[in-house]
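Shown here: coords_32.cif, mmCIF, C-alpha atoms.
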```
data_upload
#
loop_
_atom_site.label_atom_id
_atom_site.label_comp_id
_atom_site.auth_asym_id
_atom_site.auth_seq_id
_atom_site.Cartn_x
_atom_site.Cartn_y
_atom_site.Cartn_z
CA MET A 9 -62.68 -48.95 82.29
CA LYS A 10 -62.53 -45.14 82.23
CA LEU A 11 -65.06 -42.74 83.73
CA LEU A 12 -65.67 -40.14 80.98
CA LYS A 13 -68.00 -37.67 82.70
CA PHE A 14 -70.54 -37.53 85.50
CA LYS A 15 -73.40 -35.34 86.66
CA VAL A 16 -75.29 -35.13 89.94
CA PRO A 17 -78.80 -33.87 89.03
CA ASN A 18 -80.06 -33.22 92.55
CA GLY A 19 -76.83 -32.53 94.39
CA TYR A 20 -74.52 -34.55 96.62
CA LYS A 21 -73.50 -33.19 100.00
CA MET A 22 -72.67 -29.53 99.23
CA LEU A 23 -72.21 -29.92 95.46
CA GLU A 24 -74.60 -27.74 93.48
CA LYS A 25 -77.52 -29.31 91.64
CA GLY A 26 -76.37 -30.37 88.20
CA PHE A 27 -72.70 -30.50 89.29
CA GLU A 28 -70.83 -31.96 86.31
CA VAL A 29 -67.24 -32.95 85.54
CA SER A 30 -65.92 -34.18 82.19
CA PHE A 31 -62.57 -35.98 81.95
CA LEU A 32 -62.45 -35.72 78.15
CA THR A 33 -60.18 -33.38 76.22
CA LYS A 34 -61.73 -30.04 75.33
CA THR A 35 -59.10 -28.57 73.04
CA ARG A 36 -57.76 -29.64 69.67
CA VAL A 37 -55.32 -32.57 69.73
CA ASN A 38 -52.41 -32.36 67.31
CA LYS A 39 -52.13 -35.93 66.03
CA SER A 40 -48.89 -35.22 64.14
CA ILE A 41 -46.91 -35.16 67.40
CA GLU A 42 -46.48 -37.53 70.33
CA ASN A 43 -49.19 -36.81 72.90
CA ASP A 44 -47.55 -38.40 75.92
CA ASP A 45 -50.07 -36.76 78.26
CA LEU A 46 -53.09 -38.40 76.59
CA ILE A 47 -54.61 -41.86 76.27
CA GLU A 48 -56.38 -42.63 72.99
CA LEU A 49 -59.25 -44.92 73.99
CA GLU A 50 -60.60 -45.03 70.42
CA PRO A 51 -59.38 -43.19 67.30
CA GLY A 52 -60.27 -39.59 68.11
CA LEU A 53 -61.43 -40.28 71.70
CA PHE A 54 -58.73 -38.88 73.99
CA TYR A 55 -58.43 -39.08 77.78
CA PRO A 56 -55.86 -37.18 79.91
CA LEU A 57 -53.24 -39.08 81.86
CA GLU A 58 -53.74 -36.70 84.77
CA THR A 59 -56.77 -34.77 85.98
CA THR A 60 -56.37 -32.09 88.63
CA PHE A 61 -58.79 -30.53 91.11
CA ILE A 62 -57.50 -27.37 92.74
CA GLY A 63 -59.06 -24.89 95.13
CA LYS A 64 -58.57 -23.28 98.50
CA ASN A 65 -59.41 -25.05 101.75
CA SER A 66 -63.04 -26.24 102.09
CA SER A 67 -63.69 -25.71 98.38
CA GLY A 68 -64.87 -29.30 97.88
CA LYS A 69 -61.81 -31.17 96.60
CA THR A 70 -62.23 -34.14 98.94
CA SER A 71 -65.99 -34.28 98.36
CA VAL A 72 -65.47 -34.52 94.59
CA LEU A 73 -62.82 -37.24 94.88
CA LEU A 74 -65.06 -39.18 97.25
CA LEU A 75 -67.86 -38.93 94.69
CA ILE A 76 -65.56 -40.23 91.93
CA HIS A 77 -64.61 -43.07 94.27
CA LEU A 78 -68.30 -43.73 94.90
CA ILE A 79 -69.08 -43.94 91.16
CA ILE A 80 -66.14 -46.23 90.35
CA SER A 81 -67.00 -48.47 93.30
CA PHE A 82 -70.64 -48.54 92.18
CA ILE A 83 -69.64 -49.69 88.67
CA ARG A 84 -67.73 -52.54 90.30
CA SER A 85 -70.20 -53.54 93.02
CA GLY A 86 -73.59 -52.09 92.04
CA ARG A 87 -74.06 -50.71 95.54
CA ILE A 88 -74.03 -47.28 97.19
CA PRO A 89 -73.29 -47.39 100.94
CA VAL A 90 -75.59 -45.36 103.15
CA SER A 91 -72.46 -44.16 104.97
CA PHE A 92 -71.45 -42.16 101.87
CA MET A 93 -74.65 -40.17 101.94
CA ALA A 94 -74.27 -38.38 105.30
CA ASP A 95 -77.76 -37.07 106.13
CA GLN A 96 -79.19 -37.30 102.59
CA ASN A 97 -82.27 -39.47 102.11
CA SER A 98 -82.15 -39.54 98.29
CA PHE A 99 -79.57 -39.28 95.56
CA SER A 100 -79.34 -39.56 91.77
CA LEU A 101 -76.47 -40.13 89.37
CA GLU A 102 -75.78 -39.83 85.66
CA PHE A 103 -72.44 -40.91 84.23
CA LEU A 104 -70.70 -41.99 81.03
CA PHE A 105 -67.90 -44.54 81.03
CA TYR A 106 -65.84 -46.45 78.48
CA ASP A 107 -65.09 -50.16 78.64
CA ASN A 108 -63.82 -52.65 76.09
CA GLY A 109 -64.91 -50.79 72.96
CA TYR A 110 -68.26 -49.50 74.24
CA ILE A 111 -69.47 -46.24 75.75
CA TYR A 112 -72.08 -46.72 78.48
CA LEU A 113 -74.59 -44.26 79.93
CA TYR A 114 -76.01 -44.97 83.38
CA ASN A 115 -78.90 -43.14 85.06
CA GLY A 116 -80.11 -44.06 88.52
CA SER A 117 -81.90 -42.70 91.56
CA PHE A 118 -81.54 -44.05 95.07
CA VAL A 119 -83.34 -43.65 98.40
CA ARG A 120 -82.45 -44.46 101.96
CA SER A 121 -84.28 -47.49 103.33
CA SER A 122 -86.69 -47.01 106.21
CA LEU A 123 -84.93 -49.88 107.97
CA ASN A 124 -82.20 -48.66 110.31
CA ASN A 125 -79.97 -51.68 109.76
CA THR A 126 -79.79 -51.35 105.95
CA ALA A 127 -76.22 -50.66 104.84
CA PHE A 128 -76.92 -49.69 101.20
CA MET A 129 -79.19 -47.29 99.36
CA ILE A 130 -82.29 -48.74 97.68
CA ILE A 131 -82.59 -48.40 93.89
CA GLU A 132 -85.65 -46.37 92.90
CA THR A 133 -85.00 -46.16 89.13
CA GLU A 134 -82.11 -47.13 86.86
CA SER A 135 -81.15 -47.67 83.23
CA LEU A 136 -77.97 -48.55 81.38
CA ARG A 137 -77.45 -48.02 77.64
CA ARG A 138 -74.44 -48.51 75.41
CA THR A 139 -73.10 -47.63 71.98
CA THR A 140 -69.85 -47.57 70.05
CA PHE A 141 -67.80 -44.41 69.49
CA LYS A 142 -68.17 -42.57 66.19
CA ASN A 143 -65.84 -39.89 64.79
CA ASN A 144 -68.67 -37.38 64.38
CA TYR A 145 -69.35 -37.23 68.11
CA LYS A 146 -68.50 -33.95 69.81
CA LYS A 147 -65.62 -33.79 72.24
CA ASP A 148 -68.02 -33.71 75.20
CA LEU A 149 -70.14 -36.54 73.68
CA SER A 150 -73.25 -34.38 74.08
CA ASN A 151 -74.54 -35.57 70.68
CA ILE A 152 -73.98 -39.27 71.38
CA SER A 153 -76.87 -41.57 70.45
CA PHE A 154 -77.76 -44.82 72.18
CA LEU A 155 -79.64 -47.28 70.00
CA LYS A 156 -79.44 -50.29 72.33
CA GLU A 157 -81.57 -49.35 75.31
CA ASN A 158 -82.18 -51.19 78.56
CA ILE A 159 -79.33 -53.66 78.24
CA ILE A 160 -79.70 -54.46 81.91
CA ILE A 161 -82.79 -55.57 83.79
CA PRO A 162 -83.31 -52.87 86.45
CA ASN A 163 -83.25 -54.08 90.03
CA ILE A 164 -85.88 -51.67 91.31
CA GLY A 165 -86.38 -51.98 95.05
CA SER A 166 -83.10 -53.84 95.51
CA ASP A 167 -79.87 -52.53 97.05
CA THR A 168 -77.74 -53.96 94.20
CA SER A 169 -77.84 -52.59 90.66
CA GLY A 170 -78.02 -54.76 87.56
CA ILE A 171 -74.76 -53.08 86.52
CA ALA A 172 -72.89 -55.42 88.88
CA LYS A 173 -73.49 -58.52 86.74
CA TYR A 174 -71.40 -57.08 83.89
CA ARG A 175 -68.19 -57.18 85.93
CA PHE A 176 -66.63 -54.20 84.17
CA ASN A 177 -62.84 -54.31 84.06
CA ASP A 178 -61.56 -51.79 86.59
CA THR A 179 -58.31 -51.81 88.56
CA SER A 180 -58.50 -48.37 90.14
CA ILE A 181 -56.66 -47.82 93.42
CA LEU A 182 -57.63 -45.20 95.96
CA VAL A 183 -54.93 -43.59 98.07
CA ASP A 184 -55.57 -41.51 101.17
CA ILE A 185 -59.26 -40.98 100.52
CA ILE A 186 -60.09 -43.99 102.59
CA SER A 187 -57.66 -45.24 105.23
CA GLN A 188 -55.13 -47.83 104.14
CA ASP A 189 -55.51 -50.96 106.25
CA SER A 190 -53.09 -53.87 106.50
CA SER A 191 -54.84 -55.98 103.85
CA ASN A 192 -54.60 -53.14 101.31
CA LEU A 193 -50.86 -52.69 101.83
CA ALA A 194 -50.20 -56.44 101.91
CA THR A 195 -52.08 -56.96 98.63
CA ILE A 196 -50.05 -54.22 96.94
CA ILE A 197 -46.74 -55.61 98.29
CA ASP A 198 -47.56 -59.10 96.97
CA ALA A 199 -48.66 -57.74 93.58
CA ILE A 200 -45.51 -55.59 93.18
CA LYS A 201 -43.30 -58.59 93.94
CA ASN A 202 -45.19 -60.82 91.51
CA ILE A 203 -44.93 -58.28 88.68
CA TYR A 204 -41.51 -56.70 89.18
CA GLY A 205 -39.59 -59.34 91.17
CA LYS A 206 -39.12 -60.30 94.83
CA ASP A 207 -36.74 -57.42 95.66
CA SER A 208 -38.74 -54.74 93.85
CA PHE A 209 -40.80 -53.49 96.76
CA ASN A 210 -37.76 -52.91 98.96
CA VAL A 211 -36.01 -51.04 96.13
CA LEU A 212 -39.04 -48.74 96.23
CA VAL A 213 -38.87 -48.42 100.03
CA LYS A 214 -35.25 -47.24 99.85
CA LEU A 215 -36.35 -44.35 97.64
CA PHE A 216 -37.99 -42.88 100.75
CA ASP A 217 -35.87 -44.26 103.61
CA ASP A 218 -32.53 -45.93 102.90
CA SER A 219 -32.21 -47.08 106.53
CA ILE A 220 -34.91 -49.72 105.89
CA GLU A 221 -33.69 -53.05 104.56
CA LEU A 222 -36.95 -55.00 104.44
CA ILE A 223 -40.73 -54.65 104.56
CA ASP A 224 -42.74 -57.72 103.59
CA ALA A 225 -46.28 -58.99 104.17
CA ILE A 226 -47.06 -62.13 106.18
CA ARG A 227 -50.41 -63.93 105.91
CA LEU A 228 -51.23 -65.42 109.33
CA ASP A 229 -53.28 -68.55 110.03
CA ASP A 230 -56.25 -66.51 111.33
CA SER A 231 -56.40 -64.66 107.96
CA SER A 232 -54.96 -61.50 109.49
CA VAL A 233 -51.87 -59.74 108.13
CA ALA A 234 -48.55 -58.83 109.76
CA PHE A 235 -45.29 -57.51 108.32
CA LYS A 236 -41.62 -58.41 108.40
CA PHE A 237 -39.62 -55.27 109.17
CA LYS A 238 -35.87 -54.78 109.31
CA ARG A 239 -33.62 -51.75 109.52
CA VAL A 240 -29.99 -51.85 108.42
CA ASN A 241 -27.79 -53.47 111.12
CA GLN A 242 -30.89 -54.28 113.21
CA PRO A 243 -32.65 -57.63 113.82
CA GLU A 244 -35.71 -58.52 111.78
CA MET A 245 -39.07 -58.13 113.55
CA THR A 246 -42.69 -59.13 112.93
CA VAL A 247 -44.84 -56.02 113.35
CA SER A 248 -48.38 -54.71 112.79
CA ILE A 249 -49.59 -52.04 110.38
CA ASP A 250 -49.92 -49.68 113.36
CA TYR A 251 -46.25 -50.20 114.19
CA LEU A 252 -45.24 -49.33 110.63
CA LYS A 253 -47.30 -46.16 110.74
CA ALA A 254 -45.70 -45.25 114.07
CA VAL A 255 -42.03 -45.78 113.14
CA LEU A 256 -42.11 -44.52 109.55
CA SER A 257 -42.42 -40.84 108.80
CA SER A 258 -45.77 -39.82 107.34
CA GLY A 259 -44.04 -38.94 104.07
CA THR A 260 -42.32 -42.34 103.89
CA TYR A 261 -45.45 -44.36 104.65
CA ARG A 262 -47.66 -42.35 102.31
CA GLY A 263 -45.00 -42.26 99.59
CA ILE A 264 -44.44 -46.02 99.68
CA TYR A 265 -48.17 -46.60 99.34
CA LEU A 266 -48.65 -44.06 96.52
CA PHE A 267 -45.65 -45.13 94.44
CA ALA A 268 -46.41 -48.84 94.95
CA ALA A 269 -50.01 -48.30 93.84
CA SER A 270 -48.74 -46.36 90.82
CA LEU A 271 -46.28 -49.10 89.82
CA LEU A 272 -49.10 -51.60 90.04
CA SER A 273 -51.34 -49.45 87.86
CA PHE A 274 -48.64 -49.22 85.17
CA ARG A 275 -49.11 -52.96 84.53
CA LEU A 276 -52.85 -53.23 85.20
CA GLY A 277 -54.26 -49.89 84.03
CA GLY A 278 -57.03 -48.14 85.93
CA ASP A 279 -56.84 -44.91 87.90
CA ILE A 280 -55.03 -43.69 90.98
CA LEU A 281 -57.18 -41.35 93.06
CA ILE A 282 -55.36 -39.29 95.67
CA ASP A 283 -56.45 -36.36 97.78
CA GLU A 284 -53.84 -33.64 98.45
CA ILE A 285 -51.08 -35.25 96.42
CA GLU A 286 -48.52 -32.84 97.91
CA LYS A 287 -49.22 -33.87 101.52
CA SER A 288 -45.94 -34.89 103.21
CA PHE A 289 -44.02 -34.74 99.91
CA ASN A 290 -41.69 -32.22 98.34
CA LYS A 291 -42.61 -30.87 94.90
CA ASN A 292 -39.74 -32.65 93.14
CA LEU A 293 -40.97 -36.08 94.24
CA ILE A 294 -44.46 -35.40 92.90
CA GLU A 295 -43.09 -34.09 89.61
CA ASN A 296 -41.04 -37.28 89.26
CA LEU A 297 -44.17 -39.38 89.78
CA LEU A 298 -45.99 -37.40 87.10
CA ILE A 299 -43.06 -37.98 84.73
CA LEU A 300 -43.44 -41.75 85.25
CA PHE A 301 -47.14 -41.57 84.39
CA ASN A 302 -46.33 -39.66 81.20
CA ASP A 303 -43.70 -42.20 80.07
CA LYS A 304 -45.59 -44.69 77.91
CA ARG A 305 -42.66 -47.09 77.96
CA ILE A 306 -43.43 -47.52 81.68
CA ASN A 307 -47.14 -46.73 81.78
CA LYS A 308 -48.06 -49.29 79.12
CA LYS A 309 -51.70 -49.83 80.13
CA GLY A 310 -52.82 -46.20 80.15
CA ALA A 311 -53.08 -45.74 83.91
CA SER A 312 -54.25 -42.26 84.85
CA LEU A 313 -53.92 -40.08 87.91
CA ILE A 314 -56.84 -38.11 89.39
CA TYR A 315 -55.77 -35.88 92.25
CA SER A 316 -56.38 -32.73 94.23
CA THR A 317 -53.67 -30.27 95.20
CA HIS A 318 -52.88 -26.93 96.78
CA TYR A 319 -49.60 -26.69 94.83
CA SER A 320 -50.28 -24.27 92.01
CA GLU A 321 -46.76 -25.02 90.67
CA LEU A 322 -47.93 -28.51 89.70
CA LEU A 323 -50.26 -26.93 87.14
CA ASP A 324 -47.22 -26.05 85.05
CA HIS A 325 -46.15 -29.69 84.77
CA SER A 326 -48.89 -30.32 82.22
CA ASN A 327 -49.00 -28.62 78.83
CA ARG A 328 -52.79 -28.81 78.97
CA CYS A 329 -55.33 -26.72 80.85
CA ASP A 330 -58.50 -28.65 79.96
CA ASN A 331 -57.62 -31.28 82.56
CA ILE A 332 -57.57 -28.73 85.43
CA ASN A 333 -60.78 -28.14 87.40
CA VAL A 334 -61.10 -25.21 89.79
CA LEU A 335 -63.46 -25.65 92.75
CA HIS A 336 -65.24 -22.86 94.65
CA ARG A 337 -67.52 -22.81 97.65
CA ASN A 338 -70.00 -19.98 98.03
CA GLY A 339 -71.82 -20.36 101.33
CA ASP A 340 -73.00 -23.97 101.38
CA VAL A 341 -72.76 -24.58 97.62
CA ILE A 342 -69.72 -26.03 95.81
CA THR A 343 -69.25 -25.28 92.10
CA VAL A 344 -66.66 -26.35 89.53
CA ASN A 345 -65.10 -24.49 86.59
CA ASN A 346 -62.82 -25.95 83.96
CA MET A 347 -59.68 -23.88 83.42
CA CYS A 348 -60.00 -24.22 79.64
CA THR A 349 -63.71 -23.54 79.11
CA SER A 350 -64.54 -21.22 82.04
CA TYR A 351 -61.68 -18.70 81.95
CA GLU A 352 -59.96 -16.54 79.38
CA ILE A 353 -56.36 -17.40 80.20
CA ARG A 354 -53.09 -16.97 78.35
CA THR A 355 -52.00 -20.53 77.66
CA ASP A 356 -48.50 -19.25 76.83
CA LEU A 357 -48.11 -17.92 80.38
CA SER A 358 -47.38 -19.87 83.54
CA LYS A 359 -50.62 -21.29 84.96
CA SER A 360 -49.20 -21.11 88.49
CA ASN A 361 -48.40 -17.40 88.10
CA GLN A 362 -51.95 -16.75 86.97
CA PHE A 363 -53.22 -18.77 89.93
CA GLU A 364 -51.06 -16.78 92.36
CA GLN A 365 -52.40 -13.57 90.81
CA ASN A 366 -55.90 -14.84 91.69
CA ALA A 367 -57.05 -15.19 88.08
CA PHE A 368 -59.31 -18.04 89.21
CA ASP A 369 -60.52 -16.39 92.44
CA ASN A 370 -58.96 -19.07 94.60
CA LEU A 371 -56.61 -17.27 96.96
CA THR A 372 -57.36 -16.89 100.65
CA ASN A 373 -59.70 -13.96 101.15
CA TYR A 374 -57.59 -10.94 102.13
CA ASP A 375 -60.42 -9.25 104.04
CA ARG A 376 -60.93 -12.37 106.16
CA LEU A 377 -57.21 -12.47 106.89
CA MET A 378 -57.31 -8.85 108.01
CA ASP A 379 -60.31 -9.62 110.25
CA LEU A 380 -58.23 -12.32 111.96
CA ARG A 381 -55.24 -9.98 112.23
CA ARG A 382 -57.34 -7.27 113.88
CA LEU A 383 -58.74 -9.79 116.33
CA LEU A 384 -55.25 -10.95 117.29
CA LEU A 385 -54.05 -7.34 117.69
CA LYS A 386 -57.03 -6.55 119.88
#
```

Would you put the structure from the file into structure tokens?
Amino acid sequence: MKLLKFKVPNGYKMLEKGFEVSFLTKTRVNKSIENDDLIELEPGLFYPLETTFIGKNSSGKTSVLLLIHLIISFIRSGRIPVSFMADQNSFSLEFLFYDNGYIYLYNGSFVRSSLNNTAFMIIETESLRRTTFKNNYKKDLSNISFLKENIIIPNIGSDTSGIAKYRFNDTSILVDIISQDSSNLATIIDAIKNIYGKDSFNVLVKLFDDSIELIDAIRLDDSSVAFKFKRVNQPEMTVSIDYLKAVLSSGTYRGIYLFAASLLSFRLGGDILIDEIEKSFNKNLIENLLILFNDKRINKKGASLIYSTHYSELLDHSNRCDNINVLHRNGDVITVNNMCTSYEIRTDLSKSNQFEQNAFDNLTNYDRLMDLRRLLLK
């Protein structure tokens, strides 16, 4: 399953009304060469292996990734938690997604229940339509036609959408948007060992900390999870997830989780969503991860990476600019611009240099910095 585009008609948190993001390619694709940075879902329907959201602090990067997480989770479960909505009492969604040869369009509106103990939003209206892809569709699918309407029975007044009964195939993994608990890490450890072999996870661990000999998950009788942990020349211990977080550096713990999730996605497909991909990592390590995603001998199932970053240098890793989205916040409104369609940029020049020259109006405001400087001098 791949999310193709989404729109929020009446706003979500601080996102402007009509906020829209498309993951589809927007420039011509040269089919005579190897396009290692693209997935071809159908002949002529291309999807980028990586999608980037960039912007200065408080520009909305986390809010957008949380919304993408919300949509993907909704396709899987048919539910929207009230906790995602902050103080909003109503919400509507429109999104296109691809699954198993079909393109689906979902529209729905949701309201908060008057009952205080209700955990999920109530469905006010919804519809789901589908069609097959045709070569004459525009790149943004704005001319797509749906002939088979109402393929689900709407669950109006319920907290669970009819979309849930279709059990769409999705194996997306979310990293660092929601906290990683012990069951998440244990599940990934077990899956990595099953796919790549019993020693594979610890080979990965040594990439980040070669003083660690063993990390393994233990399923306890009370259904809780603990971990075997051993350093070189030290006795083996049984420890909790909190112990691991305490003794491992933040870069090691986060890196193990991100790379393990990525290795899993290479065999299962789906998306990796990560906020601030550069957090606790050096640039070289991130670039190496992006190289793995772009190697189709490794990434056989078309896994894709959706991430936010402050590292403008990472923009130069990709030859494309239509997969880069620039976020801005003006007052209490967050907007998005696509680097390809919203700016007149020289594609033959370094994207990071243009970013550092403030071509996308995303550098820290100099006047505000001077205000702070004057205050400190005073």

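Distances here use only C-alpha atoms; by that measure, the residue among A:Ile161, A:Ile152, A:Leu75, A:Val16 closest to Ser117 of chain A is A:Val16.
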
Practice prompt. Can you work out which one of A:Arg137, A:Lys142, A:Lys287, A:Arg337 has the shortest atom-to-atom distance to Tyr315 of chain A, counting all atoms listed in the file?
Written response: A:Lys287

Practice prompt. Kindly give the distance, in Å, that separates atom CA of Lys146 of chain A and atom CA of Glu134 of chain A, rounded to a single decimal.
Written response: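 One can read the atom CA of Lys146 of chain A to atom CA of Glu134 of chain A distance as 25.5 Å.
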
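Atom CA of Asp324 of chain A to atom CA of Glu352 of chain A spans 16.9 Å [interatomic distance, one decimal].
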
Practice prompt. Name the closest residue to Ile282 of chain A among the candidates A:Met347, A:Leu11, A:Leu74, A:Leu322; distances are taken between atoms, counting all atoms listed in the file.
Written response: A:Leu74

Worksheet item: What residues come out when you apply the PyMOL selection byres ((chain A and resi 132) around 8) to this file, written as an MDAnalysis selection string?
Response: chainID A and resid 116:119 130:131 133:134 164:165

Discussion item. I'd like to know which of A:Ile83, A:Met22, A:Ile203, A:Ile41 is closest to Ser67 of chain A, using all atoms listed in the file.
Written reply: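 So, comparing all the options, the nearest one is A:Met22.
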